[in-house]
$ cat my_file-v7.txt   # compact mmCIF, N, CA and C atoms
# COMPACT_ATOMS: atom_id res chain seq x y z
N MET A 140 -14.43 -7.62 7.64
CA MET A 140 -13.68 -6.55 8.25
C MET A 140 -12.78 -7.15 9.33
N ILE A 141 -11.57 -6.69 9.42
CA ILE A 141 -10.61 -7.18 10.40
C ILE A 141 -10.91 -6.52 11.74
N LYS A 142 -11.03 -7.34 12.79
CA LYS A 142 -11.26 -6.80 14.12
C LYS A 142 -9.97 -6.17 14.64
N HIS A 143 -10.13 -5.20 15.54
CA HIS A 143 -8.99 -4.44 16.06
C HIS A 143 -7.92 -5.35 16.66
N ARG A 144 -8.30 -6.31 17.50
CA ARG A 144 -7.31 -7.19 18.13
C ARG A 144 -6.59 -8.05 17.10
N ARG A 145 -7.34 -8.55 16.12
CA ARG A 145 -6.72 -9.38 15.09
C ARG A 145 -5.75 -8.56 14.26
N LEU A 146 -6.11 -7.31 13.95
CA LEU A 146 -5.22 -6.44 13.19
C LEU A 146 -3.93 -6.19 13.96
N ILE A 147 -4.04 -5.93 15.27
CA ILE A 147 -2.84 -5.71 16.08
C ILE A 147 -1.98 -6.97 16.09
N ALA A 148 -2.60 -8.14 16.24
CA ALA A 148 -1.84 -9.40 16.24
C ALA A 148 -1.17 -9.62 14.89
N THR A 149 -1.90 -9.34 13.81
CA THR A 149 -1.35 -9.51 12.47
C THR A 149 -0.18 -8.56 12.26
N LEU A 150 -0.34 -7.30 12.66
CA LEU A 150 0.73 -6.32 12.49
C LEU A 150 1.95 -6.69 13.32
N GLY A 151 1.73 -7.28 14.50
CA GLY A 151 2.85 -7.74 15.31
C GLY A 151 3.63 -8.83 14.61
N CYS A 152 2.90 -9.75 13.96
CA CYS A 152 3.56 -10.82 13.20
C CYS A 152 4.31 -10.25 12.01
N VAL A 153 3.69 -9.28 11.32
CA VAL A 153 4.33 -8.66 10.17
C VAL A 153 5.62 -7.98 10.60
N THR A 154 5.57 -7.27 11.71
CA THR A 154 6.76 -6.58 12.21
C THR A 154 7.86 -7.58 12.54
N ALA A 155 7.48 -8.70 13.14
CA ALA A 155 8.46 -9.71 13.50
C ALA A 155 9.07 -10.38 12.27
N LEU A 156 8.27 -10.55 11.23
CA LEU A 156 8.74 -11.24 10.04
C LEU A 156 9.33 -10.32 8.99
N GLY A 157 8.91 -9.05 9.00
CA GLY A 157 9.23 -8.13 7.90
C GLY A 157 10.67 -7.66 7.90
N ALA A 158 11.13 -7.34 6.72
CA ALA A 158 12.44 -6.71 6.53
C ALA A 158 12.21 -5.45 5.73
N ALA A 159 13.03 -4.45 5.95
CA ALA A 159 12.85 -3.17 5.26
C ALA A 159 12.88 -3.37 3.75
N GLY A 160 11.87 -2.82 3.07
CA GLY A 160 11.82 -2.87 1.62
C GLY A 160 11.31 -4.19 1.05
N ALA A 161 10.93 -5.14 1.90
CA ALA A 161 10.46 -6.42 1.41
C ALA A 161 9.08 -6.70 1.93
N GLY A 162 8.30 -7.48 1.20
CA GLY A 162 6.98 -7.89 1.65
C GLY A 162 7.10 -9.15 2.49
N ALA A 163 6.43 -9.19 3.61
CA ALA A 163 6.46 -10.36 4.48
C ALA A 163 5.09 -11.01 4.46
N ALA A 164 5.04 -12.30 4.22
CA ALA A 164 3.77 -13.02 4.15
C ALA A 164 3.22 -13.25 5.54
N VAL A 165 1.92 -13.03 5.69
CA VAL A 165 1.23 -13.28 6.93
C VAL A 165 0.01 -14.10 6.60
N ALA A 166 -0.13 -15.27 7.18
CA ALA A 166 -1.28 -16.11 6.90
C ALA A 166 -1.67 -16.86 8.15
N ALA A 167 -2.98 -17.03 8.35
CA ALA A 167 -3.47 -17.75 9.51
C ALA A 167 -3.07 -19.22 9.41
N ASP A 168 -3.32 -19.84 8.30
CA ASP A 168 -2.89 -21.20 8.01
C ASP A 168 -3.27 -21.53 6.57
N GLY A 169 -2.81 -22.65 6.06
CA GLY A 169 -3.11 -23.02 4.67
C GLY A 169 -2.03 -22.51 3.74
N ALA A 170 -2.10 -22.99 2.50
CA ALA A 170 -1.11 -22.60 1.49
C ALA A 170 -1.48 -21.23 0.93
N THR A 171 -0.70 -20.24 1.27
CA THR A 171 -0.93 -18.88 0.81
C THR A 171 0.29 -18.42 0.02
N ASP A 172 0.05 -17.75 -1.10
CA ASP A 172 1.13 -17.28 -1.95
C ASP A 172 1.02 -15.77 -2.09
N ILE A 173 2.09 -15.06 -1.72
CA ILE A 173 2.11 -13.61 -1.81
C ILE A 173 3.35 -13.19 -2.59
N LYS A 174 3.13 -12.39 -3.63
CA LYS A 174 4.24 -11.88 -4.43
C LYS A 174 4.20 -10.36 -4.42
N VAL A 175 5.36 -9.76 -4.17
CA VAL A 175 5.49 -8.31 -4.18
C VAL A 175 6.63 -7.95 -5.11
N SER A 176 6.38 -6.99 -5.99
CA SER A 176 7.43 -6.54 -6.91
C SER A 176 7.32 -5.03 -7.09
N ALA A 177 8.42 -4.43 -7.48
CA ALA A 177 8.42 -2.98 -7.71
C ALA A 177 7.63 -2.65 -8.96
N ALA A 178 6.90 -1.56 -8.91
CA ALA A 178 6.17 -1.06 -10.08
C ALA A 178 6.90 0.20 -10.56
N PRO A 179 6.80 0.51 -11.84
CA PRO A 179 7.47 1.72 -12.34
C PRO A 179 6.98 2.98 -11.60
N THR A 180 7.90 3.86 -11.27
CA THR A 180 7.56 5.13 -10.63
C THR A 180 6.92 6.04 -11.66
N LEU A 181 5.82 6.67 -11.28
CA LEU A 181 5.14 7.62 -12.17
C LEU A 181 5.57 9.03 -11.78
N THR A 182 5.92 9.83 -12.78
CA THR A 182 6.45 11.17 -12.52
C THR A 182 5.60 12.23 -13.23
N ALA A 183 5.99 13.49 -13.06
CA ALA A 183 5.27 14.62 -13.63
C ALA A 183 5.04 14.43 -15.12
N GLY A 184 3.82 14.73 -15.55
CA GLY A 184 3.46 14.62 -16.96
C GLY A 184 2.76 13.32 -17.31
N GLN A 185 3.02 12.24 -16.56
CA GLN A 185 2.32 10.98 -16.82
C GLN A 185 0.92 11.06 -16.22
N LYS A 186 0.00 10.24 -16.73
CA LYS A 186 -1.37 10.26 -16.23
C LYS A 186 -1.46 9.54 -14.89
N ALA A 187 -2.19 10.15 -13.96
CA ALA A 187 -2.41 9.55 -12.64
C ALA A 187 -3.43 8.42 -12.78
N PRO A 188 -3.18 7.26 -12.16
CA PRO A 188 -4.10 6.12 -12.27
C PRO A 188 -5.25 6.16 -11.26
N PHE A 189 -5.28 7.14 -10.36
CA PHE A 189 -6.32 7.21 -9.32
C PHE A 189 -6.44 8.64 -8.82
N ASP A 190 -7.53 8.92 -8.10
CA ASP A 190 -7.69 10.18 -7.39
C ASP A 190 -6.99 10.03 -6.04
N ALA A 191 -6.03 10.88 -5.76
CA ALA A 191 -5.30 10.80 -4.49
C ALA A 191 -6.08 11.52 -3.40
N ALA A 192 -6.50 10.77 -2.40
CA ALA A 192 -7.27 11.34 -1.29
C ALA A 192 -6.44 12.41 -0.58
N GLY A 193 -7.02 13.60 -0.45
CA GLY A 193 -6.35 14.68 0.26
C GLY A 193 -5.35 15.46 -0.56
N VAL A 194 -5.13 15.05 -1.82
CA VAL A 194 -4.20 15.76 -2.70
C VAL A 194 -4.97 16.14 -3.96
N ARG A 195 -5.49 17.34 -3.99
CA ARG A 195 -6.34 17.78 -5.11
C ARG A 195 -5.62 17.79 -6.44
N ALA A 196 -4.31 17.93 -6.42
CA ALA A 196 -3.55 18.05 -7.67
C ALA A 196 -3.43 16.73 -8.42
N VAL A 197 -3.58 15.60 -7.73
CA VAL A 197 -3.43 14.28 -8.37
C VAL A 197 -4.82 13.69 -8.58
N ARG A 198 -5.27 13.66 -9.85
CA ARG A 198 -6.59 13.16 -10.21
C ARG A 198 -6.48 12.15 -11.35
N ARG A 199 -7.31 11.11 -11.28
CA ARG A 199 -7.31 10.03 -12.26
C ARG A 199 -7.43 10.58 -13.69
N GLY A 200 -6.52 10.10 -14.55
CA GLY A 200 -6.55 10.48 -15.95
C GLY A 200 -5.93 11.83 -16.27
N LYS A 201 -5.58 12.60 -15.27
CA LYS A 201 -4.97 13.92 -15.48
C LYS A 201 -3.45 13.79 -15.31
N PRO A 202 -2.67 14.66 -15.94
CA PRO A 202 -1.22 14.61 -15.78
C PRO A 202 -0.81 14.87 -14.33
N ILE A 203 0.19 14.14 -13.89
CA ILE A 203 0.74 14.34 -12.55
C ILE A 203 1.49 15.67 -12.56
N PRO A 204 1.21 16.57 -11.61
CA PRO A 204 1.87 17.88 -11.60
C PRO A 204 3.35 17.79 -11.26
N ALA A 205 4.08 18.83 -11.64
CA ALA A 205 5.52 18.91 -11.33
C ALA A 205 5.71 18.83 -9.82
N GLY A 206 6.76 18.14 -9.41
CA GLY A 206 7.07 18.01 -8.00
C GLY A 206 6.54 16.75 -7.34
N TYR A 207 5.61 16.06 -7.99
CA TYR A 207 5.03 14.84 -7.43
C TYR A 207 5.66 13.61 -8.05
N GLN A 208 5.76 12.55 -7.28
CA GLN A 208 6.16 11.22 -7.76
C GLN A 208 5.25 10.20 -7.12
N LEU A 209 4.84 9.19 -7.88
CA LEU A 209 4.03 8.10 -7.36
C LEU A 209 4.90 6.85 -7.40
N ILE A 210 5.27 6.36 -6.22
CA ILE A 210 6.15 5.21 -6.10
C ILE A 210 5.27 3.99 -5.82
N GLY A 211 5.39 2.95 -6.65
CA GLY A 211 4.48 1.83 -6.54
C GLY A 211 5.13 0.49 -6.25
N GLN A 212 4.32 -0.39 -5.67
CA GLN A 212 4.68 -1.79 -5.47
C GLN A 212 3.47 -2.64 -5.86
N GLN A 213 3.73 -3.66 -6.72
CA GLN A 213 2.67 -4.56 -7.15
C GLN A 213 2.53 -5.69 -6.15
N VAL A 214 1.28 -6.04 -5.87
CA VAL A 214 0.99 -7.10 -4.90
C VAL A 214 0.08 -8.12 -5.57
N ASP A 215 0.40 -9.41 -5.39
CA ASP A 215 -0.43 -10.51 -5.87
C ASP A 215 -0.60 -11.47 -4.71
N ILE A 216 -1.82 -11.57 -4.19
CA ILE A 216 -2.10 -12.40 -3.01
C ILE A 216 -3.09 -13.48 -3.38
N THR A 217 -2.70 -14.74 -3.16
CA THR A 217 -3.59 -15.89 -3.31
C THR A 217 -3.70 -16.52 -1.93
N ARG A 218 -4.86 -16.37 -1.33
CA ARG A 218 -5.08 -16.86 0.02
C ARG A 218 -5.40 -18.35 0.00
N GLY A 219 -4.80 -19.11 0.92
CA GLY A 219 -5.05 -20.53 1.04
C GLY A 219 -6.49 -20.80 1.46
N ALA A 220 -6.92 -22.06 1.28
CA ALA A 220 -8.31 -22.43 1.53
C ALA A 220 -8.73 -22.16 2.98
N SER A 221 -7.87 -22.41 3.92
CA SER A 221 -8.27 -22.25 5.32
C SER A 221 -7.75 -20.95 5.94
N ALA A 222 -7.05 -20.14 5.17
CA ALA A 222 -6.52 -18.87 5.69
C ALA A 222 -7.61 -17.80 5.64
N ARG A 223 -7.84 -17.13 6.75
CA ARG A 223 -8.82 -16.06 6.78
C ARG A 223 -8.18 -14.71 6.52
N THR A 224 -6.89 -14.59 6.81
CA THR A 224 -6.18 -13.33 6.63
C THR A 224 -4.83 -13.61 5.99
N ALA A 225 -4.47 -12.82 5.00
CA ALA A 225 -3.15 -12.91 4.39
C ALA A 225 -2.79 -11.54 3.85
N GLY A 226 -1.54 -11.16 4.01
CA GLY A 226 -1.14 -9.85 3.53
C GLY A 226 0.36 -9.71 3.47
N ALA A 227 0.80 -8.53 3.05
CA ALA A 227 2.22 -8.25 2.90
C ALA A 227 2.52 -6.89 3.52
N ALA A 228 3.62 -6.80 4.25
CA ALA A 228 4.07 -5.52 4.78
C ALA A 228 4.94 -4.85 3.72
N LEU A 229 4.60 -3.63 3.36
CA LEU A 229 5.31 -2.90 2.31
C LEU A 229 5.90 -1.62 2.89
N THR A 230 7.18 -1.42 2.67
CA THR A 230 7.82 -0.20 3.13
C THR A 230 7.99 0.74 1.94
N PHE A 231 7.54 1.97 2.10
CA PHE A 231 7.67 3.00 1.07
C PHE A 231 8.60 4.08 1.59
N ARG A 232 9.51 4.52 0.72
CA ARG A 232 10.43 5.61 1.07
C ARG A 232 10.48 6.58 -0.10
N CYS A 233 10.15 7.82 0.17
CA CYS A 233 10.18 8.86 -0.85
C CYS A 233 11.62 9.24 -1.16
N PRO A 234 11.89 9.73 -2.38
CA PRO A 234 13.23 10.20 -2.73
C PRO A 234 13.65 11.37 -1.83
N GLN A 235 14.94 11.60 -1.78
CA GLN A 235 15.50 12.69 -0.98
C GLN A 235 14.80 14.01 -1.30
N GLY A 236 14.41 14.73 -0.28
CA GLY A 236 13.77 16.03 -0.46
C GLY A 236 12.26 15.95 -0.62
N LYS A 237 11.68 14.77 -0.66
CA LYS A 237 10.22 14.61 -0.81
C LYS A 237 9.67 13.87 0.40
N THR A 238 8.39 14.12 0.70
CA THR A 238 7.74 13.44 1.82
C THR A 238 6.42 12.83 1.37
N LEU A 239 5.92 11.90 2.16
CA LEU A 239 4.66 11.22 1.87
C LEU A 239 3.48 12.16 2.04
N ARG A 240 2.51 12.03 1.15
CA ARG A 240 1.27 12.79 1.24
C ARG A 240 0.09 11.87 1.50
N THR A 241 -0.04 10.81 0.68
CA THR A 241 -1.16 9.87 0.79
C THR A 241 -0.81 8.61 0.01
N PHE A 242 -1.75 7.67 -0.05
CA PHE A 242 -1.58 6.44 -0.81
C PHE A 242 -2.77 6.25 -1.72
N GLY A 243 -2.57 5.50 -2.77
CA GLY A 243 -3.65 5.13 -3.68
C GLY A 243 -3.41 3.74 -4.20
N ILE A 244 -4.45 3.12 -4.72
CA ILE A 244 -4.33 1.74 -5.20
C ILE A 244 -5.05 1.58 -6.52
N VAL A 245 -4.48 0.73 -7.36
CA VAL A 245 -5.10 0.34 -8.62
C VAL A 245 -5.25 -1.18 -8.53
N GLY A 246 -6.45 -1.69 -8.70
CA GLY A 246 -6.69 -3.12 -8.57
C GLY A 246 -7.63 -3.41 -7.42
N ASN A 247 -7.66 -4.69 -7.00
CA ASN A 247 -8.61 -5.05 -5.96
C ASN A 247 -7.96 -5.48 -4.64
N ALA A 248 -6.66 -5.28 -4.49
CA ALA A 248 -6.02 -5.53 -3.20
C ALA A 248 -6.29 -4.32 -2.31
N GLY A 249 -6.42 -4.54 -1.02
CA GLY A 249 -6.65 -3.45 -0.09
C GLY A 249 -5.37 -3.12 0.65
N PHE A 250 -5.40 -2.09 1.47
CA PHE A 250 -4.25 -1.77 2.30
C PHE A 250 -4.69 -0.97 3.52
N THR A 251 -3.85 -0.98 4.52
CA THR A 251 -4.04 -0.14 5.69
C THR A 251 -2.68 0.36 6.15
N ALA A 252 -2.63 1.58 6.62
CA ALA A 252 -1.39 2.15 7.13
C ALA A 252 -1.22 1.74 8.59
N THR A 253 -0.05 1.20 8.93
CA THR A 253 0.20 0.78 10.31
C THR A 253 0.42 1.98 11.21
N ASN A 254 0.89 3.07 10.63
CA ASN A 254 1.10 4.32 11.37
C ASN A 254 0.35 5.41 10.62
N ARG A 255 -0.69 5.92 11.19
CA ARG A 255 -1.52 6.92 10.51
C ARG A 255 -0.89 8.31 10.50
N ASN A 256 0.26 8.45 11.10
CA ASN A 256 0.94 9.74 11.20
C ASN A 256 2.03 9.88 10.13
N TYR A 257 1.83 9.26 8.95
CA TYR A 257 2.86 9.27 7.92
C TYR A 257 2.96 10.55 7.10
N PRO A 258 1.88 11.36 6.91
CA PRO A 258 2.03 12.55 6.07
C PRO A 258 3.14 13.47 6.60
N GLY A 259 4.01 13.91 5.68
CA GLY A 259 5.12 14.76 6.05
C GLY A 259 6.39 14.00 6.40
N HIS A 260 6.28 12.68 6.52
CA HIS A 260 7.46 11.85 6.78
C HIS A 260 7.96 11.27 5.46
N ARG A 261 9.17 10.82 5.45
CA ARG A 261 9.78 10.30 4.22
C ARG A 261 9.51 8.82 4.02
N GLN A 262 9.28 8.08 5.10
CA GLN A 262 9.15 6.62 5.00
C GLN A 262 8.07 6.11 5.93
N THR A 263 7.35 5.07 5.51
CA THR A 263 6.39 4.38 6.37
C THR A 263 6.16 2.97 5.84
N THR A 264 5.52 2.17 6.67
CA THR A 264 5.16 0.79 6.29
C THR A 264 3.65 0.68 6.29
N ILE A 265 3.12 0.02 5.27
CA ILE A 265 1.69 -0.26 5.20
C ILE A 265 1.52 -1.76 5.06
N VAL A 266 0.30 -2.24 5.25
CA VAL A 266 -0.01 -3.65 5.06
C VAL A 266 -1.02 -3.75 3.93
N SER A 267 -0.70 -4.53 2.91
CA SER A 267 -1.61 -4.79 1.81
C SER A 267 -2.21 -6.17 2.02
N PHE A 268 -3.49 -6.33 1.70
CA PHE A 268 -4.18 -7.60 1.97
C PHE A 268 -5.25 -7.84 0.92
N ALA A 269 -5.69 -9.10 0.83
CA ALA A 269 -6.80 -9.45 -0.04
C ALA A 269 -8.10 -9.19 0.72
N PRO A 270 -9.09 -8.57 0.09
CA PRO A 270 -10.36 -8.36 0.78
C PRO A 270 -10.93 -9.71 1.25
N PRO A 271 -11.69 -9.73 2.35
CA PRO A 271 -12.18 -10.98 2.91
C PRO A 271 -13.04 -11.81 1.97
N THR A 272 -13.66 -11.18 0.99
CA THR A 272 -14.52 -11.91 0.07
C THR A 272 -13.78 -12.51 -1.12
N LEU A 273 -12.48 -12.21 -1.26
CA LEU A 273 -11.71 -12.69 -2.40
C LEU A 273 -10.60 -13.64 -1.95
N ASP A 274 -10.41 -14.74 -2.69
CA ASP A 274 -9.30 -15.64 -2.42
C ASP A 274 -8.05 -15.21 -3.18
N HIS A 275 -8.24 -14.37 -4.22
CA HIS A 275 -7.10 -13.89 -5.00
C HIS A 275 -7.30 -12.40 -5.27
N ALA A 276 -6.28 -11.63 -4.98
CA ALA A 276 -6.35 -10.19 -5.21
C ALA A 276 -5.02 -9.71 -5.78
N THR A 277 -5.11 -8.77 -6.71
CA THR A 277 -3.91 -8.16 -7.28
C THR A 277 -4.10 -6.65 -7.30
N GLY A 278 -3.02 -5.94 -7.27
CA GLY A 278 -3.11 -4.49 -7.34
C GLY A 278 -1.75 -3.86 -7.21
N THR A 279 -1.72 -2.57 -7.45
CA THR A 279 -0.51 -1.78 -7.27
C THR A 279 -0.82 -0.70 -6.26
N VAL A 280 -0.03 -0.66 -5.20
CA VAL A 280 -0.18 0.37 -4.17
C VAL A 280 0.84 1.46 -4.48
N TYR A 281 0.40 2.71 -4.51
CA TYR A 281 1.27 3.84 -4.80
C TYR A 281 1.36 4.77 -3.60
N ALA A 282 2.56 5.23 -3.29
CA ALA A 282 2.77 6.31 -2.33
C ALA A 282 2.89 7.59 -3.12
N VAL A 283 2.16 8.62 -2.72
CA VAL A 283 2.23 9.93 -3.36
C VAL A 283 3.26 10.76 -2.60
N CYS A 284 4.34 11.11 -3.29
CA CYS A 284 5.42 11.88 -2.66
C CYS A 284 5.51 13.26 -3.29
N ARG A 285 5.80 14.24 -2.44
CA ARG A 285 6.03 15.62 -2.93
C ARG A 285 7.02 16.30 -2.02
$ encode --input "my_file-v7.txt" --output "structure tokens"
Amino acid sequence: MIKHRRLIATLGCVTALGAAGAGAAVAADGATDIKVSAAPTLTAGQKAPFDAAGVRAVRRGKPIPAGYQLIGQQVDITRGASARTAGAALTFRCPQGKTLRTFGIVGNAGFTATNRNYPGHRQTTIVSFAPPTLDHATGTVYAVCR
């Protein structure tokens, strides 16, 4: 588990290194490889890949209801041998007229929201990371927009 001070320090580095819409690599030391790419947007009628926390309408395996869009970014993190923390800052922006509701993930990469006050806003940045027990993690992080 990331300690509060370390998380703040990491987020400060991410903010300093990050650019809007791009993933910024953060590593303590060692050879770390982080790849971020856009994932296809899931729209109404397609099957939801996860249960969206706080959004009863979006459930795993069920069709996504009208009005919702799931905007995704794929993350592939290979942490270096001596790196204890590695992650990517991801900026999500909902289409015009839609706002953020929650986030969901498919795979074994984790994430944390840098600003917990994102519901109802159109854009926010989150940090995706490899769990401490894994040297390699992959996953797709989705923003639920409505």
$ atom_distance --input "my_file-v7.txt" --atom1 "atom CA of A:Tyr281" --atom2 "atom C of A:Ala177"
10.0 Å
$ residues_around --input "my_file-v7.txt" --residues "A:Gly278" --least-positions-apart "6" --cutoff "7 Å" --atoms "only C-alpha atoms" --output "number ranges by chain"
A: 213-215, 244-248
$ atom_distance --input "my_file-v7.txt" --atom1 "atom CA of A:Ala227" --atom2 "atom CA of A:Lys174"
8.4 Å
$ closest_residue --input "my_file-v7.txt" --among "A:Thr224, A:Thr251, A:Gln185, A:Thr241" --to "A:Ile265" --atoms "all atoms listed in the file"
A:Thr251
$ atom_distance --input "my_file-v7.txt" --atom1 "atom CA of A:Val197" --atom2 "atom CA of A:Gly184"
11.0 Å
$ closest_residue --input "my_file-v7.txt" --among "A:Thr217, A:Val280, A:Leu273, A:Gly243" --to "A:Phe189" --atoms "all atoms listed in the file"
A:Gly243
$ closest_residue --input "my_file-v7.txt" --among "A:Val266, A:Ala183, A:Val175, A:Cys284" --to "A:Cys233" --atoms "all atoms listed in the file"
A:Cys284
$ closest_residue --input "my_file-v7.txt" --among "A:Lys186, A:Thr238, A:Ala282, A:Gly259" --to "A:Gln208" --atoms "only N, CA and C atoms"
A:Ala282
$ closest_residue --input "my_file-v7.txt" --among "A:Gly200, A:Thr279, A:Arg218, A:Phe268" --to "A:Ala178" --atoms "all atoms listed in the file"
A:Thr279
$ residues_around --input "my_file-v7.txt" --residues "A:Ser267" --least-positions-apart "2" --cutoff "6 Å" --atoms "only N, CA and C atoms" --output "list in words"
Ala225, Gly226, Ala227, Ala228, Leu229, Gly249, Phe250, Thr251, Ile265 and Ala269 of chain A
$ select_by_dssp --input "my_file-v7.txt" --residues "stretch 202-277 of chain A" --states "strand (DSSP E or B)" --output "CSV table (one decimal) with N, CA and C atoms, in the frame of the given file"
chain,number,residue,atom,x,y,z
A,202,PRO,N,-2.7,14.7,-15.9
A,202,PRO,CA,-1.2,14.6,-15.8
A,202,PRO,C,-0.8,14.9,-14.3
A,208,GLN,N,5.8,12.6,-7.3
A,208,GLN,CA,6.2,11.2,-7.8
A,208,GLN,C,5.2,10.2,-7.1
A,209,LEU,N,4.8,9.2,-7.9
A,209,LEU,CA,4.0,8.1,-7.4
A,209,LEU,C,4.9,6.8,-7.4
A,210,ILE,N,5.3,6.4,-6.2
A,210,ILE,CA,6.2,5.2,-6.1
A,210,ILE,C,5.3,4.0,-5.8
A,211,GLY,N,5.4,3.0,-6.6
A,211,GLY,CA,4.5,1.8,-6.5
A,211,GLY,C,5.1,0.5,-6.2
A,212,GLN,N,4.3,-0.4,-5.7
A,212,GLN,CA,4.7,-1.8,-5.5
A,212,GLN,C,3.5,-2.6,-5.9
A,213,GLN,N,3.7,-3.7,-6.7
A,213,GLN,CA,2.7,-4.6,-7.2
A,213,GLN,C,2.5,-5.7,-6.2
A,214,VAL,N,1.3,-6.0,-5.9
A,214,VAL,CA,1.0,-7.1,-4.9
A,214,VAL,C,0.1,-8.1,-5.6
A,215,ASP,N,0.4,-9.4,-5.4
A,215,ASP,CA,-0.4,-10.5,-5.9
A,215,ASP,C,-0.6,-11.5,-4.7
A,216,ILE,N,-1.8,-11.6,-4.2
A,216,ILE,CA,-2.1,-12.4,-3.0
A,216,ILE,C,-3.1,-13.5,-3.4
A,217,THR,N,-2.7,-14.7,-3.2
A,217,THR,CA,-3.6,-15.9,-3.3
A,217,THR,C,-3.7,-16.5,-1.9
A,225,ALA,N,-4.5,-12.8,5.0
A,225,ALA,CA,-3.2,-12.9,4.4
A,225,ALA,C,-2.8,-11.5,3.8
A,226,GLY,N,-1.5,-11.2,4.0
A,226,GLY,CA,-1.1,-9.8,3.5
A,226,GLY,C,0.4,-9.7,3.5
A,227,ALA,N,0.8,-8.5,3.0
A,227,ALA,CA,2.2,-8.2,2.9
A,227,ALA,C,2.5,-6.9,3.5
A,228,ALA,N,3.6,-6.8,4.2
A,228,ALA,CA,4.1,-5.5,4.8
A,228,ALA,C,4.9,-4.8,3.7
A,229,LEU,N,4.6,-3.6,3.4
A,229,LEU,CA,5.3,-2.9,2.3
A,229,LEU,C,5.9,-1.6,2.9
A,230,THR,N,7.2,-1.4,2.7
A,230,THR,CA,7.8,-0.2,3.1
A,230,THR,C,8.0,0.7,1.9
A,231,PHE,N,7.5,2.0,2.1
A,231,PHE,CA,7.7,3.0,1.1
A,231,PHE,C,8.6,4.1,1.6
A,232,ARG,N,9.5,4.5,0.7
A,232,ARG,CA,10.4,5.6,1.1
A,232,ARG,C,10.5,6.6,-0.1
A,239,LEU,N,5.9,11.9,2.2
A,239,LEU,CA,4.7,11.2,1.9
A,239,LEU,C,3.5,12.2,2.0
A,240,ARG,N,2.5,12.0,1.2
A,240,ARG,CA,1.3,12.8,1.2
A,240,ARG,C,0.1,11.9,1.5
A,241,THR,N,0.0,10.8,0.7
A,241,THR,CA,-1.2,9.9,0.8
A,241,THR,C,-0.8,8.6,0.0
A,242,PHE,N,-1.8,7.7,0.0
A,242,PHE,CA,-1.6,6.4,-0.8
A,242,PHE,C,-2.8,6.2,-1.7
A,243,GLY,N,-2.6,5.5,-2.8
A,243,GLY,CA,-3.6,5.1,-3.7
A,243,GLY,C,-3.4,3.7,-4.2
A,244,ILE,N,-4.4,3.1,-4.7
A,244,ILE,CA,-4.3,1.7,-5.2
A,244,ILE,C,-5.0,1.6,-6.5
A,245,VAL,N,-4.5,0.7,-7.4
A,245,VAL,CA,-5.1,0.3,-8.6
A,245,VAL,C,-5.2,-1.2,-8.5
A,246,GLY,N,-6.4,-1.7,-8.7
A,246,GLY,CA,-6.7,-3.1,-8.6
A,246,GLY,C,-7.6,-3.4,-7.4
A,249,GLY,N,-6.4,-4.5,-1.0
A,249,GLY,CA,-6.6,-3.4,-0.1
A,249,GLY,C,-5.4,-3.1,0.6
A,250,PHE,N,-5.4,-2.1,1.5
A,250,PHE,CA,-4.2,-1.8,2.3
A,250,PHE,C,-4.7,-1.0,3.5
A,251,THR,N,-3.8,-1.0,4.5
A,251,THR,CA,-4.0,-0.1,5.7
A,251,THR,C,-2.7,0.4,6.2
A,252,ALA,N,-2.6,1.6,6.6
A,252,ALA,CA,-1.4,2.2,7.1
A,252,ALA,C,-1.2,1.7,8.6
A,262,GLN,N,9.3,8.1,5.1
A,262,GLN,CA,9.2,6.6,5.0
A,262,GLN,C,8.1,6.1,5.9
A,263,THR,N,7.4,5.1,5.5
A,263,THR,CA,6.4,4.4,6.4
A,263,THR,C,6.2,3.0,5.8
A,264,THR,N,5.5,2.2,6.7
A,264,THR,CA,5.2,0.8,6.3
A,264,THR,C,3.6,0.7,6.3
A,265,ILE,N,3.1,0.0,5.3
A,265,ILE,CA,1.7,-0.3,5.2
A,265,ILE,C,1.5,-1.8,5.1
A,266,VAL,N,0.3,-2.2,5.2
A,266,VAL,CA,0.0,-3.6,5.1
A,266,VAL,C,-1.0,-3.8,3.9
A,267,SER,N,-0.7,-4.5,2.9
A,267,SER,CA,-1.6,-4.8,1.8
A,267,SER,C,-2.2,-6.2,2.0
A,268,PHE,N,-3.5,-6.3,1.7
A,268,PHE,CA,-4.2,-7.6,2.0
A,268,PHE,C,-5.2,-7.8,0.9
A,275,HIS,N,-8.2,-14.4,-4.2
A,275,HIS,CA,-7.1,-13.9,-5.0
A,275,HIS,C,-7.3,-12.4,-5.3
A,276,ALA,N,-6.3,-11.6,-5.0
A,276,ALA,CA,-6.4,-10.2,-5.2
A,276,ALA,C,-5.0,-9.7,-5.8
A,277,THR,N,-5.1,-8.8,-6.7
A,277,THR,CA,-3.9,-8.2,-7.3
A,277,THR,C,-4.1,-6.6,-7.3
